[in-house]
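Listing of input07.txt; format and content: compact mmCIF, C-alpha atoms.
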```txt
# COMPACT_ATOMS: atom_id res chain seq x y z
CA MET H 1 -61.18 -210.31 -91.54
CA LEU H 2 -64.33 -209.46 -89.58
CA MET H 3 -63.01 -211.23 -86.47
CA ALA H 4 -59.80 -209.17 -86.59
CA ALA H 5 -61.79 -205.94 -87.00
CA TRP H 6 -64.12 -206.98 -84.17
CA GLN H 7 -61.18 -207.61 -81.86
CA LEU H 8 -59.66 -204.24 -82.68
CA ARG H 9 -62.91 -202.58 -81.69
CA GLN H 10 -63.13 -204.66 -78.51
CA ARG H 11 -59.61 -203.74 -77.37
CA GLY H 12 -60.03 -200.02 -77.85
CA GLU H 13 -56.67 -198.28 -77.43
CA SER H 14 -54.87 -201.36 -76.06
CA PRO H 15 -52.05 -202.85 -78.17
CA CYS H 16 -53.10 -205.72 -80.42
CA ARG H 17 -50.87 -208.63 -81.46
CA TRP H 18 -51.89 -210.94 -84.27
CA LEU H 19 -50.27 -214.16 -85.48
CA ASP H 20 -50.84 -215.80 -88.85
CA LEU H 21 -49.16 -219.06 -87.86
CA MET H 22 -49.25 -220.97 -91.16
CA ALA H 23 -49.65 -218.09 -93.57
CA GLY H 24 -49.21 -219.87 -96.90
CA CYS H 25 -49.29 -217.09 -99.50
CA GLY H 26 -50.30 -214.55 -96.82
CA ILE H 27 -53.75 -213.60 -98.10
CA ARG H 28 -55.27 -213.60 -94.61
CA SER H 29 -52.55 -211.32 -93.25
CA VAL H 30 -53.02 -208.96 -96.19
CA ARG H 31 -56.75 -208.70 -95.47
CA TRP H 32 -56.10 -208.07 -91.79
CA GLY H 33 -53.70 -205.25 -92.58
CA LEU H 34 -55.47 -203.63 -95.53
CA GLU H 35 -59.13 -204.17 -94.60
CA ALA H 36 -59.54 -204.81 -90.88
CA LEU H 37 -57.09 -202.22 -89.61
CA PRO H 38 -58.28 -199.23 -91.70
CA ALA H 39 -61.89 -200.11 -90.92
CA ILE H 40 -61.55 -199.41 -87.19
CA ARG H 41 -60.65 -195.95 -85.97
CA THR H 42 -58.08 -196.68 -83.29
CA SER H 43 -54.67 -195.42 -82.29
CA SER H 44 -53.72 -198.77 -80.74
CA ALA H 45 -50.39 -200.27 -81.76
CA VAL H 46 -50.87 -203.36 -83.93
CA THR H 47 -48.17 -205.99 -84.44
CA LEU H 48 -48.71 -208.62 -87.12
CA THR H 49 -46.48 -211.71 -87.09
CA VAL H 50 -46.58 -213.73 -90.31
CA ASN H 51 -45.02 -217.19 -90.35
CA ASP H 52 -44.67 -220.01 -92.84
CA ALA H 53 -42.02 -222.73 -92.64
CA ASP H 54 -42.04 -223.57 -96.36
CA ALA H 55 -39.02 -221.94 -97.98
CA ALA H 56 -40.57 -222.35 -101.43
CA ARG H 57 -43.34 -219.93 -100.47
CA GLN H 58 -41.15 -217.17 -99.08
CA LEU H 59 -40.64 -215.15 -102.28
CA GLN H 60 -44.37 -215.11 -103.08
CA LEU H 61 -45.20 -214.40 -99.45
CA GLN H 62 -42.87 -211.39 -99.34
CA ARG H 63 -44.39 -210.02 -102.54
CA ASN H 64 -47.91 -210.36 -101.20
CA LEU H 65 -46.99 -208.72 -97.91
CA ALA H 66 -45.33 -205.72 -99.62
CA PRO H 67 -48.47 -203.49 -99.38
CA LEU H 68 -48.44 -203.95 -95.59
CA ARG H 69 -45.13 -202.12 -95.31
CA SER H 70 -47.02 -198.86 -95.57
CA ALA H 71 -49.92 -199.92 -93.36
CA ARG H 72 -50.09 -198.62 -89.79
CA LEU H 73 -48.82 -201.79 -88.19
CA THR H 74 -45.55 -203.43 -87.22
CA LEU H 75 -44.89 -206.39 -89.49
CA ALA H 76 -42.68 -209.31 -88.43
CA CYS H 77 -42.00 -212.18 -90.84
CA HIS H 78 -40.74 -215.60 -89.78
CA GLN H 79 -39.79 -218.82 -91.55
CA GLU H 80 -39.79 -221.55 -88.92
CA PRO H 81 -41.85 -224.54 -87.77
CA ALA H 82 -45.06 -223.44 -86.09
CA GLU H 83 -44.30 -225.15 -82.78
CA VAL H 84 -40.85 -223.52 -82.59
CA LEU H 85 -42.38 -220.06 -82.97
CA LEU H 86 -45.11 -220.79 -80.41
CA ARG H 87 -42.74 -222.24 -77.82
CA ARG H 88 -40.34 -219.33 -78.19
CA ALA H 89 -43.22 -216.87 -77.80
CA TYR H 90 -44.28 -218.63 -74.60
CA LEU H 91 -40.75 -218.61 -73.18
CA ASP H 92 -40.38 -214.92 -74.04
CA GLN H 93 -43.83 -214.21 -72.53
CA HIS H 94 -44.91 -212.75 -75.86
CA HIS H 95 -48.63 -213.51 -76.00
CA PHE H 96 -50.84 -212.97 -79.02
CA ASP H 97 -54.38 -211.58 -78.95
CA LEU H 98 -55.39 -213.36 -82.17
CA ILE H 99 -53.88 -216.57 -83.54
CA ASP H 100 -54.92 -218.11 -86.82
CA LEU H 101 -54.06 -221.82 -86.96
CA ASP H 102 -55.00 -223.11 -90.40
CA ALA H 103 -53.24 -226.46 -90.58
CA PHE H 104 -53.45 -229.26 -93.11
CA GLY H 105 -55.23 -232.21 -91.53
CA CYS H 106 -55.79 -232.33 -87.78
CA PRO H 107 -54.34 -229.37 -85.78
CA ASN H 108 -54.46 -231.02 -82.34
CA GLY H 109 -50.69 -231.45 -82.04
CA LEU H 110 -50.34 -227.64 -81.95
CA LEU H 111 -53.22 -226.81 -79.62
CA GLN H 112 -51.35 -226.75 -76.31
CA ALA H 113 -48.56 -224.55 -77.68
CA SER H 114 -51.12 -222.24 -79.34
CA LEU H 115 -53.15 -221.80 -76.17
CA GLN H 116 -50.02 -221.14 -74.12
CA ALA H 117 -49.07 -218.38 -76.54
CA LEU H 118 -52.60 -216.90 -76.55
CA ALA H 119 -53.34 -213.93 -74.30
CA PHE H 120 -56.24 -213.94 -71.83
CA ASP H 121 -59.46 -213.15 -73.73
CA GLY H 122 -57.50 -213.82 -76.92
CA VAL H 123 -59.17 -215.45 -79.92
CA LEU H 124 -57.99 -218.64 -81.61
CA LEU H 125 -59.15 -219.18 -85.20
CA LEU H 126 -58.81 -222.89 -85.85
CA ALA H 127 -59.27 -224.83 -89.07
CA SER H 128 -59.11 -228.59 -89.60
CA THR H 129 -59.26 -230.49 -92.86
CA ASP H 130 -59.43 -233.86 -91.10
CA GLY H 131 -62.91 -234.91 -92.12
CA ARG H 132 -62.68 -238.67 -91.57
CA SER H 133 -61.72 -239.27 -87.97
CA PRO H 134 -64.16 -236.89 -86.20
CA THR H 135 -67.10 -237.95 -88.38
CA GLY H 136 -66.80 -241.65 -87.50
CA HIS H 137 -65.22 -242.83 -90.77
CA ASP H 138 -61.86 -243.63 -89.17
CA ARG H 139 -62.53 -244.66 -85.59
CA VAL H 140 -58.94 -245.71 -84.87
CA ALA H 141 -57.66 -242.30 -85.94
CA ALA H 142 -60.30 -240.63 -83.74
CA VAL H 143 -58.92 -242.46 -80.71
CA ARG H 144 -55.39 -241.36 -81.61
CA LYS H 145 -56.15 -237.73 -82.46
CA PHE H 146 -59.11 -236.91 -80.22
CA ALA H 147 -58.86 -239.53 -77.46
CA ALA H 148 -62.52 -240.17 -78.25
CA ALA H 149 -64.95 -242.63 -79.78
CA ALA H 150 -66.41 -241.22 -82.99
CA ARG H 151 -69.46 -242.89 -84.53
CA THR H 152 -71.27 -241.99 -87.74
CA HIS H 153 -74.21 -239.66 -87.16
CA PRO H 154 -76.68 -237.78 -89.42
CA ALA H 155 -75.38 -234.53 -87.89
CA SER H 156 -71.77 -235.52 -88.61
CA TRP H 157 -70.46 -231.98 -89.18
CA GLU H 158 -71.73 -230.85 -85.80
CA VAL H 159 -70.37 -233.94 -84.05
CA ALA H 160 -66.94 -233.20 -85.57
CA LEU H 161 -67.06 -229.62 -84.29
CA ARG H 162 -68.04 -230.80 -80.81
CA LEU H 163 -65.21 -233.36 -80.74
CA GLN H 164 -62.76 -230.60 -81.70
CA LEU H 165 -64.14 -228.28 -79.02
CA ALA H 166 -63.75 -231.04 -76.43
CA VAL H 167 -60.04 -231.31 -77.22
CA LEU H 168 -59.69 -227.52 -77.03
CA ALA H 169 -61.54 -227.40 -73.71
CA ARG H 170 -59.37 -230.07 -72.12
CA GLU H 171 -56.19 -228.27 -73.24
CA ALA H 172 -57.50 -224.95 -71.89
CA TRP H 173 -58.65 -226.47 -68.60
CA MET H 174 -55.24 -228.04 -68.01
CA LEU H 175 -53.87 -224.49 -68.14
CA GLY H 176 -56.52 -223.34 -65.67
CA ARG H 177 -58.31 -221.33 -68.36
CA GLY H 178 -61.83 -221.29 -69.71
CA LEU H 179 -63.16 -221.64 -73.24
CA GLU H 180 -65.93 -219.73 -75.00
CA PRO H 181 -66.98 -220.76 -78.53
CA LEU H 182 -67.74 -217.71 -80.68
CA ALA H 183 -68.53 -219.27 -84.07
CA CYS H 184 -68.21 -222.87 -85.30
CA PHE H 185 -69.18 -224.08 -88.75
CA SER H 186 -68.23 -226.42 -91.60
CA ASP H 187 -68.72 -227.07 -95.29
CA GLY H 188 -68.10 -230.80 -94.80
CA ARG H 189 -64.48 -230.62 -95.93
CA THR H 190 -63.07 -228.00 -93.55
CA PHE H 191 -64.13 -227.47 -89.94
CA ARG H 192 -63.66 -223.93 -88.65
CA LEU H 193 -63.88 -222.69 -85.07
CA ALA H 194 -63.40 -219.29 -83.45
CA VAL H 195 -63.00 -219.55 -79.68
CA ARG H 196 -62.08 -217.07 -76.95
CA MET H 197 -59.84 -218.16 -74.10
CA ARG H 198 -60.93 -216.83 -70.72
CA ARG H 199 -58.70 -216.23 -67.72
CA ARG H 200 -60.76 -218.69 -65.65
CA LEU H 201 -63.33 -221.39 -66.23
CA ALA H 202 -66.97 -220.32 -66.08
CA ASP H 203 -69.08 -221.81 -63.29
CA GLY H 204 -70.04 -225.35 -64.24
CA GLU H 205 -68.00 -225.30 -67.44
CA GLU H 206 -66.83 -228.86 -66.79
CA GLN H 207 -70.45 -229.96 -67.24
CA GLN H 208 -70.05 -229.20 -70.94
CA LEU H 209 -67.95 -232.31 -71.54
CA GLY H 210 -69.91 -235.49 -72.09
CA LEU H 211 -71.15 -238.27 -74.36
CA LEU H 212 -73.76 -238.40 -77.11
CA ALA H 213 -75.52 -241.68 -77.88
CA ARG H 214 -77.68 -242.66 -80.83
CA CYS H 215 -79.63 -245.89 -81.19
CA GLU H 216 -78.49 -247.71 -84.30
CA ARG H 217 -81.98 -249.16 -84.81
CA CYS H 218 -84.58 -246.51 -84.01
CA GLY H 219 -82.45 -243.33 -84.17
CA ALA H 220 -83.25 -242.14 -80.62
CA GLN H 221 -80.65 -239.87 -79.06
CA ALA H 222 -79.46 -239.20 -75.51
CA MET H 223 -76.56 -237.31 -73.96
CA GLN H 224 -74.89 -237.24 -70.55
CA PRO H 225 -72.22 -235.00 -68.99
CA LEU H 226 -69.20 -236.96 -67.78
CA LEU H 227 -69.67 -235.57 -64.28
CA ARG H 228 -73.09 -237.26 -64.03
CA LEU H 229 -72.39 -240.33 -66.12
CA GLN H 230 -74.52 -243.38 -65.34
CA GLY H 231 -76.36 -246.14 -67.16
CA TRP H 232 -78.06 -245.14 -70.39
CA PRO H 233 -81.88 -245.06 -70.41
CA SER H 234 -83.83 -247.37 -72.67
CA CYS H 235 -84.14 -246.21 -76.26
CA ALA H 236 -87.39 -245.89 -78.17
CA CYS H 237 -87.16 -249.37 -79.77
CA GLU H 238 -90.01 -251.74 -79.13
CA GLY H 239 -88.80 -254.65 -77.04
CA SER H 240 -85.48 -252.92 -76.29
CA GLN H 241 -83.86 -254.34 -79.41
CA GLY H 242 -81.79 -251.25 -80.08
CA ARG H 243 -78.16 -250.62 -79.27
CA TRP H 244 -76.59 -247.30 -78.33
CA ALA H 245 -73.64 -246.07 -80.44
CA VAL H 246 -71.80 -243.65 -78.16
CA THR H 247 -69.62 -240.76 -79.33
CA GLY H 248 -67.33 -238.71 -77.11
CA PRO H 249 -66.13 -237.17 -75.00
CA LEU H 250 -67.41 -234.15 -76.88
CA TRP H 251 -68.53 -230.60 -76.12
CA LEU H 252 -72.16 -230.37 -74.95
CA GLY H 253 -72.25 -226.59 -74.63
CA PRO H 254 -73.12 -223.84 -77.11
CA LEU H 255 -71.38 -223.65 -80.47
CA GLN H 256 -71.95 -219.96 -81.12
CA SER H 257 -72.10 -216.62 -79.34
CA PRO H 258 -75.14 -214.89 -80.93
CA ALA H 259 -74.07 -211.58 -79.35
CA VAL H 260 -70.63 -211.70 -80.97
CA ILE H 261 -72.07 -212.81 -84.33
CA SER H 262 -74.53 -209.91 -84.15
CA GLU H 263 -71.58 -207.53 -83.72
CA LEU H 264 -69.82 -209.15 -86.69
CA LEU H 265 -72.90 -208.59 -88.84
CA GLU H 266 -73.08 -204.95 -87.70
CA LEU H 267 -69.45 -204.53 -88.70
CA ALA H 268 -70.15 -206.09 -92.08
CA ASP H 269 -73.00 -203.62 -92.62
CA ALA H 270 -70.63 -200.74 -91.91
CA LEU H 271 -67.81 -202.07 -94.09
CA GLU H 272 -68.55 -202.47 -97.77
CA HIS H 273 -67.32 -205.47 -99.73
CA THR H 274 -66.06 -207.36 -96.65
CA LEU H 275 -68.66 -210.12 -96.58
CA ALA H 276 -70.14 -211.91 -99.57
CA LYS H 277 -73.81 -212.90 -99.58
CA PRO H 278 -73.13 -216.60 -98.77
CA GLY H 279 -70.98 -215.54 -95.80
CA ARG H 280 -73.70 -213.22 -94.55
CA ARG H 281 -76.31 -215.95 -94.81
CA LEU H 282 -74.01 -218.30 -92.89
CA LEU H 283 -73.55 -215.79 -90.06
CA GLN H 284 -77.29 -215.20 -89.92
CA ARG H 285 -77.94 -218.94 -89.62
CA LEU H 286 -75.35 -219.26 -86.85
CA GLN H 287 -76.77 -216.23 -85.05
CA ALA H 288 -80.19 -217.92 -84.96
CA ASP H 289 -78.75 -221.20 -83.66
CA PRO H 290 -76.53 -221.03 -80.56
CA GLY H 291 -76.01 -224.80 -80.69
CA LEU H 292 -78.39 -225.89 -77.95
CA PRO H 293 -80.07 -228.31 -77.34
CA VAL H 294 -77.37 -230.75 -78.40
CA CYS H 295 -79.49 -233.32 -80.26
CA CYS H 296 -79.95 -232.73 -84.00
CA TRP H 297 -82.25 -234.65 -86.31
CA SER H 298 -82.25 -234.94 -90.08
CA THR H 299 -85.70 -234.17 -91.48
CA ALA H 300 -84.98 -236.55 -94.37
CA GLU H 301 -84.30 -239.37 -91.89
CA LEU H 302 -87.50 -238.60 -89.98
CA ALA H 303 -89.47 -238.73 -93.24
CA ARG H 304 -87.93 -242.10 -94.14
CA ARG H 305 -88.79 -243.57 -90.74
CA LEU H 306 -92.42 -242.45 -91.18
CA GLN H 307 -92.50 -243.40 -94.88
CA LEU H 308 -93.56 -239.88 -95.83
CA GLN H 309 -93.32 -238.74 -99.44
CA GLY H 310 -90.84 -236.01 -98.45
CA PRO H 311 -89.31 -234.24 -95.44
CA PRO H 312 -91.70 -232.02 -93.47
CA SER H 313 -91.24 -228.27 -93.68
CA LEU H 314 -88.49 -227.31 -91.27
CA ILE H 315 -90.23 -224.04 -90.41
CA ASP H 316 -93.52 -225.82 -89.71
CA LEU H 317 -91.75 -228.50 -87.67
CA VAL H 318 -89.96 -225.94 -85.51
CA GLY H 319 -93.20 -224.02 -84.96
CA ALA H 320 -95.18 -227.13 -84.03
CA LEU H 321 -92.54 -228.32 -81.55
CA GLN H 322 -92.31 -224.90 -79.92
CA ALA H 323 -96.12 -224.80 -79.67
CA SER H 324 -95.91 -228.15 -77.85
CA GLY H 325 -93.52 -226.67 -75.27
CA TYR H 326 -90.22 -228.01 -76.64
CA GLN H 327 -87.11 -226.13 -77.58
CA ALA H 328 -86.59 -226.22 -81.33
CA CYS H 329 -84.74 -224.38 -84.08
CA ALA H 330 -83.16 -225.05 -87.45
CA SER H 331 -79.52 -226.06 -87.26
CA GLY H 332 -77.12 -223.39 -88.47
CA VAL H 333 -74.39 -225.99 -89.01
CA MET H 334 -76.07 -228.40 -91.45
CA ALA H 335 -78.97 -227.78 -93.82
CA GLY H 336 -82.11 -229.86 -93.32
CA GLN H 337 -81.32 -230.47 -89.65
CA LEU H 338 -83.58 -229.79 -86.67
CA ARG H 339 -82.29 -229.04 -83.19
CA THR H 340 -84.69 -229.94 -80.37
CA ASP H 341 -85.02 -231.43 -76.91
CA ALA H 342 -88.18 -233.33 -77.89
CA PRO H 343 -87.96 -237.12 -77.40
CA LEU H 344 -88.13 -239.26 -80.51
CA ASP H 345 -91.71 -240.44 -80.04
CA SER H 346 -93.00 -236.86 -79.69
CA LEU H 347 -90.90 -235.75 -82.64
CA LEU H 348 -92.26 -238.49 -84.87
CA GLN H 349 -95.80 -237.73 -83.76
CA VAL H 350 -95.45 -234.08 -84.78
CA CYS H 351 -93.86 -235.09 -88.11
CA ARG H 352 -96.65 -237.57 -88.80
CA HIS H 353 -99.26 -234.90 -88.11
CA LEU H 354 -97.56 -232.45 -90.48
CA GLY H 355 -97.25 -235.15 -93.12
CA ARG H 356 -101.01 -235.76 -93.00
CA LYS H 357 -101.69 -232.04 -93.39
CA ASP H 358 -99.49 -231.91 -96.50
CA ARG H 359 -101.49 -234.57 -98.31
```
In structure tokens, write the structure found in this file.
Amino acid sequence: MLMAAWQLRQRGESPCRWLDLMAGCGIRSVRWGLEALPAIRTSSAVTLTVNDADAARQLQLQRNLAPLRSARLTLACHQEPAEVLLRRAYLDQHHFDLIDLDAFGCPNGLLQASLQALAFDGVLLLASTDGRSPTGHDRVAAVRKFAAAARTHPASWEVALRLQLAVLAREAWMLGRGLEPLACFSDGRTFRLAVRMRRRLADGEEQQLGLLARCERCGAQAMQPLLRLQGWPSCACEGSQGRWAVTGPLWLGPLQSPAVISELLELADALEHTLAKPGRRLLQRLQADPGLPVCCWSTAELARRLQLQGPPSLIDLVGALQASGYQACASGVMAGQLRTDAPLDSLLQVCRHLGRKDR
């Protein structure tokens, strides 16, 4: 709901066209019409297209949408396969400013059609319930669905989001358009992304596609953009006994837009009862973590490698790394994860020092 309200405010008096592509019972459309639209003072014309191909849902869907008949928007209801609606919209040059694609399983088969039906600077809200293939638990399926190698990783939720963003970026680039992640997060079962499609690629945007490697023995990490791909450096293992497990291609750029998330939080402050406390805490975590540097480390894993009694304090660890001149922050995607550009040996040294202080 907040993203719809934010877009209304961004567009000012310009017409706004929203698409709930796989509406189910229509709860998201109802919130857009009854909460987002009244919250923003605008005279812009709003068209809401609600679609669900399941005939068994139509009666319940129509009942739920009944309150929108009196809302200040134009409501269009459809009952057809998602790709049929998207292809027809593209042929008719009817582009949407906001598309919600909440599919069961992996949504990649609908990405090209969705992006072709999305207006310039439009927002795609994407959800995936495919938790196995992008987290390295079904590597064959990852090759099929993502055209990528997916290996297990302590920061598996983030790796899954980056693999999904890589697919989105390639689809957008083939259309000559750019991609800007606004907010990406997961609860481990569902992976959710909000991205804005730009008219053109940003300078150097192609550098954001690359590979992430993790040593299966010592846990060291390294990443390389595809445009500068070369031999991997040695890992931190003594005697070079380690072996890199490589994941990708995946997105190496930011996962969040702190500026946009700040505006969403401001909207939530102005609109009562639109954001529950857990949702607010999530947005605050994402706001503090743009998603760079790419490498994330589990504090529990670091403690195990050093045989500490427990994980070091994440706040203390971030502070100590920053004091040593490294970038560091707590991950907003997974709890207990540290994001830093510090090499493994320096990271372990700082952890060991903090562990001694805690004794």
(request) Tell me, as a ChimeraX atom specification, which residues lie within 7 Å of H:Pro290, counting all atoms listed in the file; anything in the same chain fewer than 3 positions away does not count. (result) /H:254-258,286-287
Selection file, C-alpha atoms, as a compact mmCIF listing (two decimals), in the frame of the given file:
```txt
# COMPACT_ATOMS: atom_id res chain seq x y z
CA PRO H 254 -73.12 -223.84 -77.11
CA LEU H 255 -71.38 -223.65 -80.47
CA GLN H 256 -71.95 -219.96 -81.12
CA SER H 257 -72.10 -216.62 -79.34
CA PRO H 258 -75.14 -214.89 -80.93
CA LEU H 286 -75.35 -219.26 -86.85
CA GLN H 287 -76.77 -216.23 -85.05
```
(request) Mind giving me the straight-line distance from atom CA of H:Ser114 to atom CA of H:Ala127 in Å, one decimal? (result) 13.0 Å
(message) List the spatial neighbours of H:Ser298 as a ChimeraX atom specification - criterion: any atom at most 12 Å away, all atoms listed in the file, same-chain residues fewer than 3 positions off excluded.
(response) /H:153-156,219-220,295,301-305,311-314,317,330-331,333-340,347-348,351
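Of note, atom CA of H:Gln327 and atom CA of H:Gln241 are spaced 28.5 Å apart.
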(request) Quote the spacing between atom CA of H:Arg9 and atom CA of H:Leu161 in Å to one decimal place. (result)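 Result for atom CA of H:Arg9 versus atom CA of H:Leu161: 27.5 Å, one decimal.
Proximity of H:Val195, H:Ala53, H:Leu61, H:Leu98 to H:Glu83, computed with all atoms listed in the file, is greatest for H:Ala53.
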(message) Given the point (-70.8, -230.5, -75.2) in the file's coordinates, find the residues that have an atom at most 12 Å from it, counting only C-alpha atoms, and give them as a VMD selection string.
(response) chain H and resid 158 to 170 179 to 181 205 to 212 223 to 226 247 to 255 291 to 295
(request) Find, counting all atoms listed in the file, the residue in H:Gly176, H:Gln230, H:Ala4, H:Gln284 that gets nearest to H:Glu35. (result) H:Ala4
(message) Could you list, as number ranges by chain, every residue within 10 Å of H:Ala45, counting only C-alpha atoms and ignoring same-chain residues fewer than 6 positions away?
(response) H: 13-17, 72-74
Would you list the contacts of H:Ala268 as a PDB file with C-alpha atoms, in the coordinates of the input, taking every protein, DNA or RNA residue within 12 Å and counting all atoms listed in the file, but skipping same-chain residues closer than 3 positions in sequence?
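File part-v3.pdb, as written:
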```pdb
ATOM      1  CA  MET H   1     -61.180-210.310 -91.540  1.00  0.00           C
ATOM      2  CA  LEU H   2     -64.330-209.460 -89.580  1.00  0.00           C
ATOM      3  CA  MET H   3     -63.010-211.230 -86.470  1.00  0.00           C
ATOM      4  CA  ALA H   5     -61.790-205.940 -87.000  1.00  0.00           C
ATOM      5  CA  TRP H   6     -64.120-206.980 -84.170  1.00  0.00           C
ATOM      6  CA  GLU H  35     -59.130-204.170 -94.600  1.00  0.00           C
ATOM      7  CA  ALA H  36     -59.540-204.810 -90.880  1.00  0.00           C
ATOM      8  CA  ALA H  39     -61.890-200.110 -90.920  1.00  0.00           C
ATOM      9  CA  ILE H  40     -61.550-199.410 -87.190  1.00  0.00           C
ATOM     10  CA  ILE H 261     -72.070-212.810 -84.330  1.00  0.00           C
ATOM     11  CA  SER H 262     -74.530-209.910 -84.150  1.00  0.00           C
ATOM     12  CA  GLU H 263     -71.580-207.530 -83.720  1.00  0.00           C
ATOM     13  CA  LEU H 264     -69.820-209.150 -86.690  1.00  0.00           C
ATOM     14  CA  LEU H 265     -72.900-208.590 -88.840  1.00  0.00           C
ATOM     15  CA  LEU H 271     -67.810-202.070 -94.090  1.00  0.00           C
ATOM     16  CA  GLU H 272     -68.550-202.470 -97.770  1.00  0.00           C
ATOM     17  CA  HIS H 273     -67.320-205.470 -99.730  1.00  0.00           C
ATOM     18  CA  THR H 274     -66.060-207.360 -96.650  1.00  0.00           C
ATOM     19  CA  LEU H 275     -68.660-210.120 -96.580  1.00  0.00           C
ATOM     20  CA  ALA H 276     -70.140-211.910 -99.570  1.00  0.00           C
ATOM     21  CA  LYS H 277     -73.810-212.900 -99.580  1.00  0.00           C
ATOM     22  CA  GLY H 279     -70.980-215.540 -95.800  1.00  0.00           C
ATOM     23  CA  ARG H 280     -73.700-213.220 -94.550  1.00  0.00           C
ATOM     24  CA  ARG H 281     -76.310-215.950 -94.810  1.00  0.00           C
ATOM     25  CA  LEU H 283     -73.550-215.790 -90.060  1.00  0.00           C
ATOM     26  CA  GLN H 284     -77.290-215.200 -89.920  1.00  0.00           C
TER      27      GLN H 284
END
```
(request) Please identify all polymer residues within 10 Å of H:His94, counting all atoms listed in the file, omitting same-chain residues fewer than 2 positions from it, and present them as a list in words. (result) Arg17, Leu86, Arg87, Arg88, Ala89, Tyr90, Leu91, Asp92, Phe96, Gln116, Ala117, Leu118 and Ala119 of chain H
(request) Check the smallest atom-to-atom distance from each of H:Leu125, H:Leu21, H:Val140, H:Cys215 to H:Val84 using only C-alpha atoms, then report the winner. (result)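 Smallest distance to H:Val84 is found for H:Leu21.
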(request) Considering all atoms listed in the file, state which residue in the set H:Asn51, H:Asp341, H:Arg196, H:Leu19 is at the smallest distance from H:Leu124. (result)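 Closest residue, counting all atoms listed in the file: H:Arg196.
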Would it be fine to have stretch 113-117 of chain H, with all heavy atoms, given as an mmCIF file, in the first residue's frame?
```cif
data_model
loop_
_atom_site.group_PDB
_atom_site.id
_atom_site.type_symbol
_atom_site.label_atom_id
_atom_site.label_comp_id
_atom_site.auth_asym_id
_atom_site.auth_seq_id
_atom_site.Cartn_x
_atom_site.Cartn_y
_atom_site.Cartn_z
ATOM 1 N N ALA H 113 7.318 -10.100 -20.360
ATOM 2 C CA ALA H 113 6.015 -9.506 -20.678
ATOM 3 C C ALA H 113 5.666 -8.405 -19.678
ATOM 4 O O ALA H 113 5.090 -7.371 -20.058
ATOM 5 C CB ALA H 113 4.942 -10.586 -20.683
ATOM 6 N N SER H 114 6.004 -8.587 -18.413
ATOM 7 C CA SER H 114 5.706 -7.572 -17.396
ATOM 8 C C SER H 114 6.496 -6.296 -17.647
ATOM 9 O O SER H 114 5.950 -5.184 -17.568
ATOM 10 C CB SER H 114 6.019 -8.115 -16.004
ATOM 11 O OG SER H 114 5.198 -9.215 -15.685
ATOM 12 N N LEU H 115 7.780 -6.434 -17.960
ATOM 13 C CA LEU H 115 8.601 -5.254 -18.199
ATOM 14 C C LEU H 115 8.181 -4.532 -19.479
ATOM 15 O O LEU H 115 8.249 -3.302 -19.559
ATOM 16 C CB LEU H 115 10.078 -5.645 -18.268
ATOM 17 C CG LEU H 115 10.690 -6.134 -16.947
ATOM 18 C CD1 LEU H 115 12.150 -6.518 -17.152
ATOM 19 C CD2 LEU H 115 10.568 -5.081 -15.856
ATOM 20 N N GLN H 116 7.740 -5.272 -20.478
ATOM 21 C CA GLN H 116 7.277 -4.629 -21.701
ATOM 22 C C GLN H 116 5.981 -3.855 -21.474
ATOM 23 O O GLN H 116 5.717 -2.880 -22.182
ATOM 24 C CB GLN H 116 7.074 -5.674 -22.798
ATOM 25 C CG GLN H 116 8.381 -6.208 -23.372
ATOM 26 C CD GLN H 116 8.154 -7.250 -24.445
ATOM 27 O OE1 GLN H 116 7.257 -8.092 -24.340
ATOM 28 N NE2 GLN H 116 8.962 -7.199 -25.498
ATOM 29 N N ALA H 117 5.201 -4.280 -20.498
ATOM 30 C CA ALA H 117 3.953 -3.578 -20.203
ATOM 31 C C ALA H 117 4.129 -2.507 -19.131
ATOM 32 O O ALA H 117 3.163 -1.826 -18.774
ATOM 33 C CB ALA H 117 2.886 -4.574 -19.752
#
```
